[in-house]
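S.K.: Provided below: input_13.cif, containing mmCIF, C-alpha atoms.
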```
data_model
loop_
_atom_site.label_atom_id
_atom_site.label_comp_id
_atom_site.auth_asym_id
_atom_site.auth_seq_id
_atom_site.Cartn_x
_atom_site.Cartn_y
_atom_site.Cartn_z
CA MET A 1 0.00 0.00 0.00
CA ARG A 2 1.36 3.40 -0.97
CA THR A 3 2.06 6.01 1.67
CA GLY A 4 0.67 9.54 1.66
CA GLU A 5 3.99 10.93 0.47
CA GLU A 6 4.06 8.55 -2.48
CA LYS A 7 0.49 9.51 -3.41
CA ARG A 8 1.34 13.23 -3.31
CA PHE A 9 4.43 12.61 -5.43
CA GLN A 10 2.29 10.67 -7.94
CA VAL A 11 -0.30 13.48 -8.11
CA ILE A 12 2.35 16.18 -8.60
CA GLY A 13 4.08 14.06 -11.24
CA ASN A 14 0.80 13.54 -13.12
CA ILE A 15 0.05 17.28 -13.03
CA ILE A 16 3.52 18.10 -14.41
CA MET A 17 3.15 15.54 -17.20
CA VAL A 18 -0.30 16.88 -18.11
CA LEU A 19 1.10 20.42 -18.32
CA LEU A 20 4.06 19.31 -20.45
CA SER A 21 1.76 17.32 -22.74
CA ALA A 22 -0.53 20.33 -23.12
CA MET A 23 2.45 22.54 -24.01
CA ALA A 24 3.32 20.09 -26.81
CA ILE A 25 -0.20 19.38 -28.09
CA LEU A 26 -1.89 22.80 -27.92
CA PRO A 27 0.40 24.53 -30.49
CA MET A 28 -0.19 21.71 -33.00
CA LEU A 29 -3.92 21.80 -32.31
CA LEU A 30 -3.96 25.57 -32.87
CA MET A 31 -2.04 25.09 -36.11
CA LEU A 32 -4.57 22.49 -37.33
CA ILE A 33 -7.56 24.66 -36.39
CA SER A 34 -5.98 27.71 -38.04
CA SER A 35 -5.51 25.75 -41.25
CA LEU A 36 -9.26 25.00 -41.20
CA THR A 37 -10.18 28.65 -40.59
CA SER A 38 -11.11 31.03 -43.39
CA ASN A 39 -8.36 33.42 -44.35
CA GLU A 40 -10.58 36.46 -43.79
CA ALA A 41 -11.39 35.36 -40.22
CA LEU A 42 -7.70 34.85 -39.44
CA VAL A 43 -6.78 38.29 -40.76
CA ARG A 44 -9.66 39.90 -38.92
CA ASN A 45 -9.59 38.10 -35.55
CA GLY A 46 -6.22 36.38 -35.36
CA TYR A 47 -5.64 32.79 -34.27
CA ALA A 48 -8.25 31.12 -32.06
CA PHE A 49 -9.08 27.60 -30.90
CA TRP A 50 -12.71 28.16 -31.93
CA PRO A 51 -12.72 30.23 -35.13
CA GLU A 52 -15.50 32.43 -36.37
CA GLU A 53 -15.66 30.72 -39.75
CA TRP A 54 -14.49 27.27 -40.80
CA SER A 55 -13.07 26.76 -44.28
CA LEU A 56 -11.09 24.30 -46.41
CA GLU A 57 -9.86 26.96 -48.84
CA ALA A 58 -6.22 26.59 -47.73
CA TYR A 59 -6.19 22.86 -48.54
CA GLU A 60 -8.12 23.46 -51.75
CA TYR A 61 -5.40 25.89 -52.82
CA ILE A 62 -2.58 23.46 -51.98
CA PHE A 63 -4.15 20.56 -53.88
CA SER A 64 -5.40 22.57 -56.86
CA THR A 65 -2.49 24.84 -57.82
CA GLY A 66 -1.17 22.50 -60.50
CA ASN A 67 1.58 21.18 -58.23
CA SER A 68 1.30 17.46 -57.59
CA VAL A 69 1.26 17.14 -53.82
CA VAL A 70 0.64 13.39 -54.09
CA HIS A 71 3.69 12.98 -56.33
CA ALA A 72 5.81 15.03 -53.92
CA TYR A 73 4.59 12.84 -51.07
CA GLY A 74 5.70 9.78 -53.05
CA ILE A 75 9.18 11.27 -53.54
CA SER A 76 9.42 12.03 -49.81
CA VAL A 77 8.30 8.54 -48.81
CA LEU A 78 10.79 6.90 -51.20
CA LEU A 79 13.59 9.23 -50.09
CA THR A 80 12.89 8.65 -46.40
CA ALA A 81 12.66 4.87 -46.76
CA VAL A 82 15.82 4.46 -48.85
CA GLY A 83 17.78 7.07 -46.89
CA THR A 84 16.86 5.62 -43.50
CA LEU A 85 17.75 2.10 -44.60
CA CYS A 86 21.12 3.18 -46.04
CA SER A 87 21.86 5.30 -42.99
CA LEU A 88 21.11 2.42 -40.62
CA VAL A 89 23.26 -0.04 -42.58
CA ILE A 90 26.27 2.30 -42.72
CA THR A 91 25.90 3.55 -39.14
CA THR A 92 25.33 0.12 -37.60
CA LEU A 93 28.21 -1.62 -39.38
CA LEU A 94 30.70 1.19 -38.70
CA ALA A 95 29.63 1.58 -35.06
CA TYR A 96 29.93 -2.17 -34.44
CA ALA A 97 33.41 -2.22 -35.96
CA LEU A 98 34.52 0.74 -33.82
CA SER A 99 33.21 -0.99 -30.69
CA LYS A 100 35.62 -3.93 -31.15
CA LYS A 101 38.59 -3.73 -28.79
CA GLY A 102 41.10 -5.32 -31.15
CA LEU A 103 40.30 -3.24 -34.23
CA PRO A 104 43.54 -1.96 -35.85
CA GLY A 105 43.59 1.82 -36.06
CA LYS A 106 40.49 2.12 -33.88
CA GLY A 107 41.62 5.42 -32.32
CA VAL A 108 42.33 7.03 -35.69
CA LEU A 109 39.00 5.93 -37.15
CA THR A 110 37.07 7.12 -34.09
CA PHE A 111 38.82 10.49 -34.25
CA TYR A 112 37.98 10.75 -37.94
CA VAL A 113 34.29 10.19 -37.18
CA PHE A 114 34.40 12.69 -34.30
CA PHE A 115 36.22 15.24 -36.49
CA THR A 116 33.27 15.34 -38.90
CA MET A 117 31.09 16.60 -36.04
CA LEU A 118 33.30 19.67 -35.61
CA PHE A 119 34.36 20.64 -39.13
CA ASN A 120 33.10 20.28 -42.70
CA GLY A 121 34.24 21.40 -46.12
CA GLY A 122 31.77 24.28 -46.42
CA LEU A 123 28.81 24.74 -48.74
CA VAL A 124 30.64 25.85 -51.89
CA PRO A 125 33.36 23.11 -51.94
CA THR A 126 30.71 20.52 -51.05
CA TYR A 127 28.45 21.70 -53.87
CA MET A 128 31.30 21.66 -56.39
CA ASN A 129 32.38 18.19 -55.28
CA TYR A 130 28.91 16.66 -55.54
CA THR A 131 28.00 18.33 -58.83
CA ASN A 132 31.30 18.30 -60.75
CA THR A 133 32.86 15.09 -59.42
CA PHE A 134 29.87 12.89 -58.66
CA GLY A 135 27.29 14.46 -60.98
CA LEU A 136 24.45 14.51 -58.44
CA LYS A 137 22.85 17.72 -59.71
CA ASN A 138 19.22 17.30 -60.83
CA THR A 139 19.12 13.63 -59.81
CA PHE A 140 17.44 11.70 -57.02
CA TRP A 141 20.90 11.01 -55.61
CA GLY A 142 21.26 14.72 -54.96
CA LEU A 143 18.52 14.36 -52.36
CA LEU A 144 19.86 11.14 -50.90
CA VAL A 145 23.63 11.37 -50.61
CA PRO A 146 24.79 14.82 -49.39
CA GLY A 147 25.42 14.96 -45.69
CA LEU A 148 22.74 12.62 -44.40
CA LEU A 149 23.81 9.03 -45.07
CA ALA A 150 26.18 8.92 -42.09
CA ASN A 151 26.11 11.20 -39.07
CA GLY A 152 29.06 11.26 -36.68
CA PHE A 153 26.86 11.74 -33.62
CA ASN A 154 24.69 8.74 -34.52
CA ILE A 155 27.74 6.56 -35.13
CA LEU A 156 29.32 7.41 -31.76
CA LEU A 157 25.97 7.00 -30.00
CA MET A 158 25.50 3.52 -31.44
CA LYS A 159 29.14 2.63 -30.76
CA SER A 160 28.65 3.48 -27.07
CA TYR A 161 25.57 1.26 -26.97
CA PHE A 162 27.46 -1.68 -28.46
CA VAL A 163 30.21 -1.20 -25.86
CA THR A 164 27.91 -0.89 -22.83
CA GLY A 165 24.72 -2.69 -23.88
CA VAL A 166 26.03 -5.84 -25.57
CA PRO A 167 27.83 -8.16 -23.10
CA ASP A 168 31.22 -9.39 -24.25
CA GLU A 169 30.40 -12.80 -22.76
CA LEU A 170 27.66 -13.39 -25.34
CA LEU A 171 29.94 -12.45 -28.22
CA GLU A 172 32.73 -14.67 -26.89
CA ALA A 173 30.28 -17.56 -26.51
CA ALA A 174 29.26 -17.13 -30.15
CA TYR A 175 32.91 -17.15 -31.24
CA ILE A 176 33.51 -20.34 -29.25
CA ASP A 177 30.53 -21.97 -30.97
CA GLY A 178 32.17 -21.23 -34.32
CA ALA A 179 30.16 -18.20 -35.40
CA THR A 180 31.79 -15.81 -37.85
CA GLU A 181 32.08 -12.11 -37.13
CA PHE A 182 29.18 -11.25 -39.39
CA LYS A 183 26.98 -14.02 -37.94
CA THR A 184 27.79 -12.83 -34.43
CA PHE A 185 26.85 -9.29 -35.39
CA TYR A 186 23.63 -10.30 -37.16
CA GLN A 187 22.33 -12.88 -34.67
CA ILE A 188 23.70 -11.63 -31.34
CA ALA A 189 24.68 -7.96 -31.34
CA LEU A 190 22.00 -6.56 -33.65
CA PRO A 191 18.97 -8.05 -31.82
CA LEU A 192 20.32 -6.71 -28.51
CA ALA A 193 20.76 -3.28 -30.10
CA LYS A 194 17.15 -2.89 -31.27
CA PRO A 195 16.43 0.12 -29.01
CA ILE A 196 19.33 2.16 -30.37
CA VAL A 197 18.66 1.01 -33.95
CA ALA A 198 15.06 2.22 -33.61
CA THR A 199 16.28 5.51 -32.16
CA ILE A 200 18.84 6.14 -34.91
CA GLY A 201 16.27 5.10 -37.52
CA LEU A 202 13.87 7.70 -36.13
CA PHE A 203 16.58 10.39 -36.22
CA ALA A 204 17.53 9.56 -39.80
CA GLY A 205 13.92 9.27 -40.97
CA ILE A 206 12.93 12.65 -39.55
CA ALA A 207 16.06 14.24 -41.03
CA TYR A 208 15.25 12.93 -44.51
CA TRP A 209 11.57 13.79 -44.30
CA ASN A 210 12.18 17.36 -43.13
CA ASP A 211 15.13 18.03 -45.43
CA TRP A 212 14.52 20.73 -48.03
CA GLN A 213 18.01 22.17 -48.41
CA ASN A 214 19.38 19.44 -50.68
CA GLY A 215 16.46 19.83 -53.07
CA TYR A 216 16.82 23.61 -52.94
CA ILE A 217 20.53 23.40 -53.82
CA TYR A 218 20.83 20.42 -56.16
CA LEU A 219 17.48 20.47 -58.01
CA THR A 220 17.57 23.46 -60.35
CA LYS A 221 15.60 21.97 -63.27
CA ARG A 222 14.06 18.68 -62.14
CA THR A 223 11.06 20.02 -60.24
CA ASP A 224 9.44 16.61 -60.71
CA LEU A 225 11.91 15.35 -58.06
CA TYR A 226 10.71 17.84 -55.45
CA SER A 227 9.93 16.33 -52.08
CA ILE A 228 6.91 17.58 -50.16
CA GLN A 229 9.12 20.00 -48.21
CA ASN A 230 10.57 21.46 -51.42
CA LEU A 231 7.14 21.79 -52.98
CA LEU A 232 5.68 23.55 -49.96
CA ASN A 233 8.74 25.81 -49.77
CA ARG A 234 8.24 26.77 -53.42
CA MET A 235 4.59 27.62 -52.72
CA ILE A 236 5.60 29.85 -49.81
CA GLN A 237 8.20 31.61 -51.97
CA ASN A 238 5.56 32.27 -54.65
CA ILE A 239 3.20 33.77 -52.07
CA GLN A 240 5.97 35.94 -50.63
CA PHE A 241 6.90 37.15 -54.11
CA LEU A 242 3.32 38.17 -54.86
CA THR A 243 3.06 39.90 -51.48
CA GLN A 244 6.26 41.88 -51.98
CA SER A 245 5.41 42.74 -55.60
CA ALA A 246 1.83 43.81 -54.93
CA GLY A 247 2.70 47.49 -55.32
CA SER A 248 4.89 47.21 -58.42
CA ILE A 249 3.22 44.54 -60.56
CA SER A 250 -0.28 45.24 -61.79
CA ASN A 251 -1.52 41.64 -61.70
CA ALA A 252 0.08 40.80 -58.37
CA ASN A 253 -2.90 42.01 -56.33
CA VAL A 254 -5.26 39.98 -58.48
CA GLY A 255 -3.25 36.79 -57.92
CA LEU A 256 -2.73 37.51 -54.23
CA SER A 257 -6.43 38.11 -53.63
CA SER A 258 -7.18 34.52 -54.69
CA ILE A 259 -4.65 33.02 -52.28
CA PRO A 260 -5.47 32.41 -48.59
CA ALA A 261 -2.01 33.71 -47.69
CA VAL A 262 -2.35 33.35 -43.90
CA SER A 263 -4.25 30.08 -43.48
CA VAL A 264 -2.29 28.37 -46.27
CA ARG A 265 0.90 28.60 -44.22
CA MET A 266 -0.76 26.63 -41.43
CA ALA A 267 -2.12 24.13 -43.94
CA MET A 268 1.36 23.64 -45.41
CA ALA A 269 2.77 22.94 -41.95
CA VAL A 270 0.02 20.37 -41.33
CA VAL A 271 0.65 18.68 -44.67
CA GLY A 272 4.38 18.56 -43.93
CA ILE A 273 4.26 17.06 -40.42
CA LEU A 274 1.13 14.90 -40.65
CA PRO A 275 2.94 11.66 -41.68
CA ILE A 276 5.43 12.04 -38.82
CA ILE A 277 2.60 12.48 -36.30
CA ILE A 278 0.85 9.38 -37.67
CA ILE A 279 3.95 7.16 -37.73
CA TYR A 280 5.51 8.26 -34.42
CA PRO A 281 3.22 6.17 -32.13
CA PHE A 282 4.25 3.03 -34.01
CA ILE A 283 7.93 3.96 -33.67
CA GLN A 284 7.37 4.53 -29.96
CA ASN A 285 5.91 1.03 -29.64
CA ASN A 286 9.02 -0.30 -31.33
CA PHE A 287 11.11 1.43 -28.65
CA VAL A 288 9.27 -0.48 -25.91
CA LYS A 289 9.43 -3.75 -27.85
CA GLY A 290 13.13 -3.26 -28.56
CA ILE A 291 13.90 -2.61 -24.90
CA THR A 292 11.99 -5.74 -23.90
CA LEU A 293 13.76 -7.92 -26.47
CA GLY A 294 17.11 -6.33 -25.79
CA GLY A 295 17.47 -7.57 -22.22
CA VAL A 296 19.94 -10.31 -21.38
CA LYS A 297 17.91 -13.26 -20.20
CA GLY A 298 19.41 -15.71 -17.76
#
```
Could you spell out this file's structure in C-alpha cells?
M.R.:
Amino acid sequence: MRTGEEKRFQVIGNIIMVLLSAMAILPMLLMLISSLTSNEALVRNGYAFWPEEWSLEAYEYIFSTGNSVVHAYGISVLLTAVGTLCSLVITTLLAYALSKKGLPGKGVLTFYVFFTMLFNGGLVPTYMNYTNTFGLKNTFWGLLVPGLLANGFNILLMKSYFVTGVPDELLEAAYIDGATEFKTFYQIALPLAKPIVATIGLFAGIAYWNDWQNGYIYLTKRTDLYSIQNLLNRMIQNIQFLTQSAGSISNANVGLSSIPAVSVRMAMAVVGILPIIIIYPFIQNNFVKGITLGGVKG
C-alpha cells in the first residue's frame, strides 16, 4: 500500500506531465484549427481555438495549384525509406566495428568520425564536389547522398551502446561456438541493439523527411523530383513574391487576392508534419518492444 507521500508525489508528477503534454499538443492543435479557418477570419480576428468561420480553402489551394502534392509525397516517402535504410546499414556496421577492442587503427578511425562533427568542407566546396565530381545535380541522388547518409553523432551513439549494452560474454560464446564475425553481429549484437537502432532510424527518418536544403541546392531543373518540403517551400516563396510585388506589378494584387495567404501557411505545416505524427506512435511502440527484447535473459 502506498504512503501519503508517495500519493502526493504521484499526483504532482501527473500534473507536471499533463502540463508538459498540453504545451506540446496545444500549439499543434492551434495550427490544425488555423488551417481549417477562413483566411478572412484569421486576418480579422487572429488565431483562435474556436474560429469564427471554418473553411477548407487553404487545402483546396494546396491541392489545386497544379503542383502534384501526391507525387511530392511519393518522392518524400521513397527518399525517407531508402535514406533511413542506407543510414542504418552504414551507421550500424561502422559503429559495431569501432566498438571492437582489437580493431587496428580504432583510435584514428574514431577520431575521424568525431572530427566530422566539428568541421566540414563548407557549402561551396561541397556543392562543387557533388555536382562536378559525382554528378548529383538534378538527380534523385542529390537528395539522398549529401550529408545525411552517415552522421558522426549517430555513429558514436551507437558505438557506445554496443560497448555498454552488448555483453562481451555473449559475443565470446558465439565465437567459441564457431560463429563468424558477421553471424555474431547479425544474430547476437544486432537483436540486442534494437532500441538504439530504432532511435537512430527515427533520427535519420525525420532528417530525410524534413530536409529541403538538398532539393533547394541540387534540383535546379528537375522540379518533378521535389519532395513535399521542397514543394511547400516553393509555394511559400511564390506567395511571398506576390506579397512583396503587390505594389509594383499590376496583376500581383489579383493573384494575391485569390490566395489564402495566412491560413495556407498553417495548412502547409500540417501537410508537412502529418505523416510524422501518424507514424511516431508506431515507432514509440518499437522502442518499448526493442527494450523488452534487448534484455539479457538468464
S.K.: Since I can't run it myself right now, could you work out what the PyMOL selection byres ((chain A and resi 106-113) around 12) selects here and report it as a ChimeraX atom specification?
M.R.: /A:91,94-105,114-120,150-157,159-160
S.K.: Step by step, work through what the PyMOL selection byres ((chain A and resi 85) around 12) selects in the shown file, and finish by giving those residues as a list of chain:residue names.
M.R.: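 Selection result, ordered by chain and number: A:Leu78, A:Leu79, A:Thr80, A:Ala81, A:Val82, A:Gly83, A:Thr84, A:Cys86, A:Ser87, A:Leu88, A:Val89, A:Ile90, A:Thr91, A:Thr92, A:Leu144, A:Leu148, A:Leu149, A:Ala150, A:Val197, A:Ala198, A:Ile200, A:Gly201, A:Leu202, A:Phe203, A:Ala204, A:Gly205, A:Tyr208.
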S.K.: Name the residues that the PyMOL selection byres ((chain A and resi 225) around 12) picks from the file above, as a ChimeraX atom specification, using the file's chain letters and numbers.
M.R.: /A:67-69,71-76,78-79,137-144,212,214-216,218-224,226-231
S.K.: With distances taken over all atoms listed in the file, which residue among A:Glu53, A:Ile25, A:Thr3, A:Leu123 lies nearest Ser38 (chain A)?
M.R.: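 Going through A:Glu53, A:Ile25, A:Thr3, A:Leu123 one by one, the smallest distance to Ser38 (chain A) is for A:Glu53.
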S.K.: Mind giving me the straight-line distance from CA of Phe185 (chain A) to CA of Thr164 (chain A) in Å, one decimal?
M.R.: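 Between these atoms lies a distance of 15.1 Å.
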S.K.: Which is closest to Ala174 (chain A) among A:Tyr161, A:Asp211, A:Ala189, A:Ser263, if we use all atoms listed in the file?
M.R.: A:Ala189
S.K.: Would you please work out which residue, of A:Thr126, A:Gln213, A:Asn45, A:Ser55, is nearest to Leu32 (chain A) when using all atoms listed in the file?
M.R.: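 Comparing A:Thr126, A:Gln213, A:Asn45, A:Ser55 against Leu32 (chain A), the winner is A:Ser55.
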S.K.: Grab the CA of Gln237 (chain A) to CA of Pro125 (chain A) distance for me, in Å with one decimal place.
M.R.: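 Interatomic distance here is 26.6 Å.
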S.K.: Go ahead and find all residues with at least one atom no further than 8 Å from (29.1, -12.2, -39.7) in the file's coordinates, using all atoms listed in the file; report them as a PyMOL selection string.
M.R.: chain A and resi 179-186
